[in-house]
Each structure stands twice: as structure tokens, then as C-alpha cells.
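Enquirer: Below is the structure I would like to discuss, written out as C-alpha cells.
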Amino acid sequence: FSSQRNILIVLMDQFQGDIFAELLEEDRALFQGFDGFSYFPNITGVAPQTHLAMPAIYSARLYQGGSIRELYAESYRDSVFLDAQRAGYSTALYGHHALGCPAPTCVDQSLLLKGLAESILASYLGLMDYGLMRISPTSLHPSIFRSGVGMLKQLTPSHFTIDSLRGLESFAARAQVGEVPPTFKFLHLLNTHPPININEGCRLDEKRRQTRENYKIQARCGIKVFLDVLGFLERSSLYDRSLVMLLSDHGATLTAPSRPYALDGAVKLQGGRVGQFLPLLLVKPPGSRGPLKISQAPASLIDVRATICEAAEICDPPTVGVSVLSLAEGVTRERTFIDYRLFWRDLSGRDEVPAVDLQRFVTSVSVRDLGTATDVEGRGMKDK
């Protein structure tokens with residue numbers, strides 16, 4: 001980190017925003033732990049999955065149909081990473097990214113998320129698994145590679161979820177301050193991405209049931225380590241000179257909650273299809289202090305770039321999106337998000353969602369009423 005100024009963006013993939021409200025309710029100390037932050041529960045996502053959500057976060061661009069690769073190319077040519085670089089920041093993305101590197105520098109998650117020594121060990125064991133397979137009878141190959149992972153590599157308990165959590169721990173523990181240019185660090189982590197396999201001790205447990213309660217436990221582990229990162233910034237006297245954002249790219253399709261509201265009615269708890277469009281967003285501008293605030297401003301993930309531009313004062317706001325820090329509560333605002341039919345959920349290897357399978361929703365209501373939203377053809381948002 002720079003001793004001057006820093007921008008730290010931590011994205012925990014598929015962290016459903018209302019889950020954070022439940023965590024706050026169960027541990028009121030988080031209101032103090034998130035010193036200077038604002039929490040935006042009235043936020044809509046832009047797409048139900050990472051692939052079509054990230055261009056909106058990087059570059060305030062929505063998928064409107066057509067080539068996905070071209071959308072990413074446009075996002076890389078005009079992005080928040082380049083905004084920061086032009087403002088004199090050393091800019092890098094750490095962890096997960098798709099369709100090329102969106103930042104001037106990308107650090108592979110195998111190094112960030114597992115640490116160099118563990119990464120090298122896992123790589124060697126993986127090579128030994130392939131060597132073992134080559135000298136073994138074909139009948140033994142299924143025993144050597146179970147679920148796509150070699151038997152030797154399985155000796156190092158690993159999964160992208162726990163690797164991401166450990167990576168964030170390592171990031172907090174190894175962070176240093178130097179006389180270097182201002183830094184822009186974007187971490188895209190998978191610790192809150194399914195499957196649900198992290199237990200109450202924040203350890204890998206492949207036998208976890210896929211329930212809302214267990215998802216919340218996994219999310220709590222991520223919040224705990226994120227607070228360690230904030231602790232480093234505080235101890236290093238960087239807290240007041242840093243813009244910090246915690247967000248997700250989309251929500252999840254969790255089971256329905258056992259109660260309708262959290263935080264004395266401030267946040268409606270959602271389940272099913274609607275939950276996919278409820279990402280997480282918390283923002284701490286430089287110099288901001290005080291207990292966590294809850295803002296009901298009608299935010300959208302399309303606002304991330306504008307928020308960074310305004311809060312860090314690194315660029316003029318983009319023509320799409322507004323800073324959520326300047327967005328008033330109670331204002332009526334149209335927000336757009338897309339969905340597509342289930343058989344398009346795996347977009348790997350595909351460059352386009354056919355227009356017939358693409359749904360575009362426009363809503364001007366609070367996320368409390370998102371289940372009543374309709375798309376341009378009048379179809380309802382509710383589960384079908």
C-alpha cells in the first residue's frame with residue numbers, strides 16, 4: 001500500500017446483500033467494526049451471473065445483446081482501472097477474472113489465494129498425478145482422478161472457496177506500506193461462491209448442507225477476514241486516506257428466509273430467483289468515520305465506477321451511473337437488469353445470448369418490491 005492514498009475494492013462473488021443485514025443483526029459490534037462505511041441494501045444487480053455483471057462494475061456497461069467478447073473489449077478500453085492509472089495510481093486486479101485481464105496488471109489467484117509455497121506444492125502434486133496416470137493401467141485412471149482432481153493433489157485440502165478465504169487472510173497478514181505511488185487494488189474472491197463448504201471454524205468441510213444458514217456461516221468467515229484488512233489499514237494510519245469498497249457481483253438463489261425482515265424492518269430478506277439480483281455494496285470514502293450507516297438510496301451496480309470516481313476524486317463521473325454517496329434516499333429511479341433462460345446459465349464458450357432468451361427488466365420500485373417487477377414484455381419477476 002502507498003503511504004499517500006489507496007483505493008481498495010474487495011469483491012466477494014455471489015454474496016447476497018441481505019445476508020449482510022442478518023449478520024449485522026446477529027453481531028451488533030459490526031456497526032462499529034465497519035467504521036465510516038455506508039451499507040446500501042436497496043441495490044439491484046445487473047445480471048444473475050458473474051460473466052455479464054463484471055463489465056458494469058469495471059466500466060458501467062450493461063449487456064444489451066450481441067457479442068459478449070466485444071462488450072468486454074469495450075470495457076477494458078474504458079474502465080475504472082484506466083481512470084485510476086491516468087490519475088497516477090498503480091493499478092492491479094488480484095484473483096478471478098474472465099476473458100482477459102481488465103487491469104494494467106493481473107495477479108493470478110493461484111499465487112494470491114494460496115500463497116507461493118502452497119501453490120508450488122499443489123502444482124508439483126498435480127504433475128505427479130499425471131505421471132502416475134501415464135504409468136498405470138487404464139482401469140486405475142478413475143481411481144487416480146476422482147472428481148477431476150488427482151489423488152496426490154487431494155493430499156492438500158483445497159477448494160476455490162477456502163483458497164479465496166485463505167488468500168484474503170494472507171493479503172491482510174503480508175500487507176505493507178511503502179513510499180510508492182497511490183495504489184488501486186481490486187480483489188475478486190470466490191469465498192462466498194457456491195458450493196457451501198466452509199464451516200463455523202472457517203475450515204473446509206465438503207459435507208455441508210446447501211442451506212441459507214450455512215451460506216450465512218460461510219459469508220461470516222469472509223466478513224471476519226475483511227475486518228482484519230481494515231485493521232491493517234487502521235494500524236498503518238492509512239484508514240482515513242483510503243477509499244474502501246466491499247461488494248459482490250450478484251446475489252444467490254438461496255432458500256427462503258424464516259422471517260421477512262431484518263434490522264427492525266430496514267431490510268427485507270429475499271429468497272429464490274429475486275435473490276440473484278440483490279448484490280452487496282458497502283462504501284467507506286476517505287476520511288469517513290462513525291458507526292455503519294444504512295442508506296435506502298436506490299443504488300445499482302452500474303454506479304460502482306461513478307462512486308469510485310467521486311469518492312477518490314480520480315476522474316469525472318461516467319455518463320452512465322451516479323455516485324451512490326450522492327444519491328438521496330426516497331428518490332424514484334429506474335434501474336435495469338437482465339436475466340436469461342436457465343440453459344444459458346453456462347456461458348463458457350458462448351459469445352452471445354440469443355435475443356429470444358434474453359429478458360430485460362426495468363424497475364423503479366424498492367428492492368422490497370422487486371418480486372413485482374416486470375420486463376419489457378410484461379412477464380413477472382417472480383419465480384416461474
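Chains: A, B, ... in order of the C-alpha cells. Residues: from 1 per chain. Ligands: from 1, in order shown.
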Write out as a compact mmCIF listing (two decimals) with C-alpha atoms, in the first residue's frame which residues come within 9 Å of Glu169 of chain A when counting only C-alpha atoms, dropping same-chain ones fewer than 6 positions away.

Expert:
# COMPACT_ATOMS: atom_id res chain seq x y z
CA LEU A 113 -5.19 -17.09 -2.89
CA VAL A 225 -11.17 -11.66 7.47
CA PHE A 226 -12.22 -8.44 5.71
CA ASP A 228 -8.61 -7.94 9.53
CA VAL A 229 -7.77 -5.99 6.36

Enquirer: Of the residues A:Tyr39, A:His159, A:Pro291, A:Tyr130, which is the one nearest to Ala21 of chain A, using only C-alpha atoms?

Expert: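 When distances to Ala21 of chain A are compared using only C-alpha atoms, the smallest one comes from A:Tyr39.
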
Enquirer: Neighbours of Gly222 of chain A within 10 Å (only C-alpha atoms; same-chain residues fewer than 2 positions away dropped), as a JSON list (two decimals) with C-alpha atoms, in the first residue's frame?

Expert:
[["chain", "number", "residue", "atom", "x", "y", "z"],
["A", 12, "MET", "CA", -16.82, -11.43, -2.79],
["A", 15, "PHE", "CA", -22.54, -12.54, -1.70],
["A", 162, "ILE", "CA", -11.36, -21.83, 1.09],
["A", 164, "SER", "CA", -10.01, -17.38, -1.54],
["A", 165, "LEU", "CA", -10.61, -17.04, 2.19],
["A", 166, "ARG", "CA", -7.02, -18.03, 2.99],
["A", 168, "LEU", "CA", -7.57, -12.75, 1.90],
["A", 169, "GLU", "CA", -6.03, -13.77, 5.22],
["A", 189, "LEU", "CA", -12.61, -13.50, -4.42],
["A", 190, "LEU", "CA", -14.67, -16.71, -4.57],
["A", 191, "ASN", "CA", -15.04, -17.41, -0.84],
["A", 192, "THR", "CA", -18.81, -16.79, -0.90],
["A", 202, "CYS", "CA", -13.82, -21.24, 8.82],
["A", 216, "LYS", "CA", -24.52, -17.23, 6.17],
["A", 217, "ILE", "CA", -21.79, -19.00, 8.17],
["A", 218, "GLN", "CA", -19.56, -19.04, 5.09],
["A", 219, "ALA", "CA", -20.23, -15.34, 4.47],
["A", 220, "ARG", "CA", -19.47, -14.54, 8.12],
["A", 224, "LYS", "CA", -14.26, -11.63, 9.69],
["A", 225, "VAL", "CA", -11.17, -11.66, 7.47],
["A", 226, "PHE", "CA", -12.22, -8.44, 5.71],
["A", 227, "LEU", "CA", -12.23, -6.77, 9.13]]

Enquirer: Show me, as JSON lines, the residues of segment 155-264 of chain A having an atom within 9 Å of segment 83-97 of chain A, each with the closest atom pair and its distance in Å, using only C-alpha atoms.

Expert:
{"residue": "A:Ser164", "atom": "CA", "partner": "A:Gly95", "partner_atom": "CA", "distance": 8.2}
{"residue": "A:Val180", "atom": "CA", "partner": "A:Ser90", "partner_atom": "CA", "distance": 8.6}
{"residue": "A:Pro181", "atom": "CA", "partner": "A:Tyr89", "partner_atom": "CA", "distance": 6.1}
{"residue": "A:Pro182", "atom": "CA", "partner": "A:Tyr89", "partner_atom": "CA", "distance": 4.7}
{"residue": "A:Thr183", "atom": "CA", "partner": "A:Ser90", "partner_atom": "CA", "distance": 4.7}
{"residue": "A:Phe184", "atom": "CA", "partner": "A:Thr91", "partner_atom": "CA", "distance": 4.7}
{"residue": "A:Lys185", "atom": "CA", "partner": "A:Ala92", "partner_atom": "CA", "distance": 5.4}
{"residue": "A:Phe186", "atom": "CA", "partner": "A:Leu93", "partner_atom": "CA", "distance": 4.7}
{"residue": "A:Leu187", "atom": "CA", "partner": "A:Tyr94", "partner_atom": "CA", "distance": 4.8}
{"residue": "A:His188", "atom": "CA", "partner": "A:Gly95", "partner_atom": "CA", "distance": 5.2}
{"residue": "A:Leu189", "atom": "CA", "partner": "A:Gly95", "partner_atom": "CA", "distance": 6.1}
{"residue": "A:Leu190", "atom": "CA", "partner": "A:His96", "partner_atom": "CA", "distance": 7.7}

Enquirer: Check the DSSP output for the backbone and give back, as a PyMOL selection string, the residues of segment 22-269 of chain A in strand (DSSP E).

Expert: chain A and resi 38-39+43-44+90-95+106-107+145-146+149-150+183-189+242-247+261-262+267-268

Enquirer: Which value, in Å to one decimal, gives the distance between atom CA of Met245 of chain A and atom CA of Pro286 of chain A?

Expert: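 Between atom CA of Met245 of chain A and atom CA of Pro286 of chain A the gap is 10.9 Å.
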
Enquirer: For the structure I just gave you, how does DSSP split segment 51-243 of chain A - specifically, which residues are alpha helix (DSSP H)? Reply as a ChimeraX atom specification.

Expert: /A:51-59,68-77,80-86,109-112,116-134,141-144,160-174,212-235

Enquirer: Mind pulling up the distance from atom CA of Val367 of chain A to atom CA of Pro279 of chain A?

Expert: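 Atom-to-atom, atom CA of Pro279 of chain A and atom CA of Val367 of chain A are spaced 10.9 Å apart.
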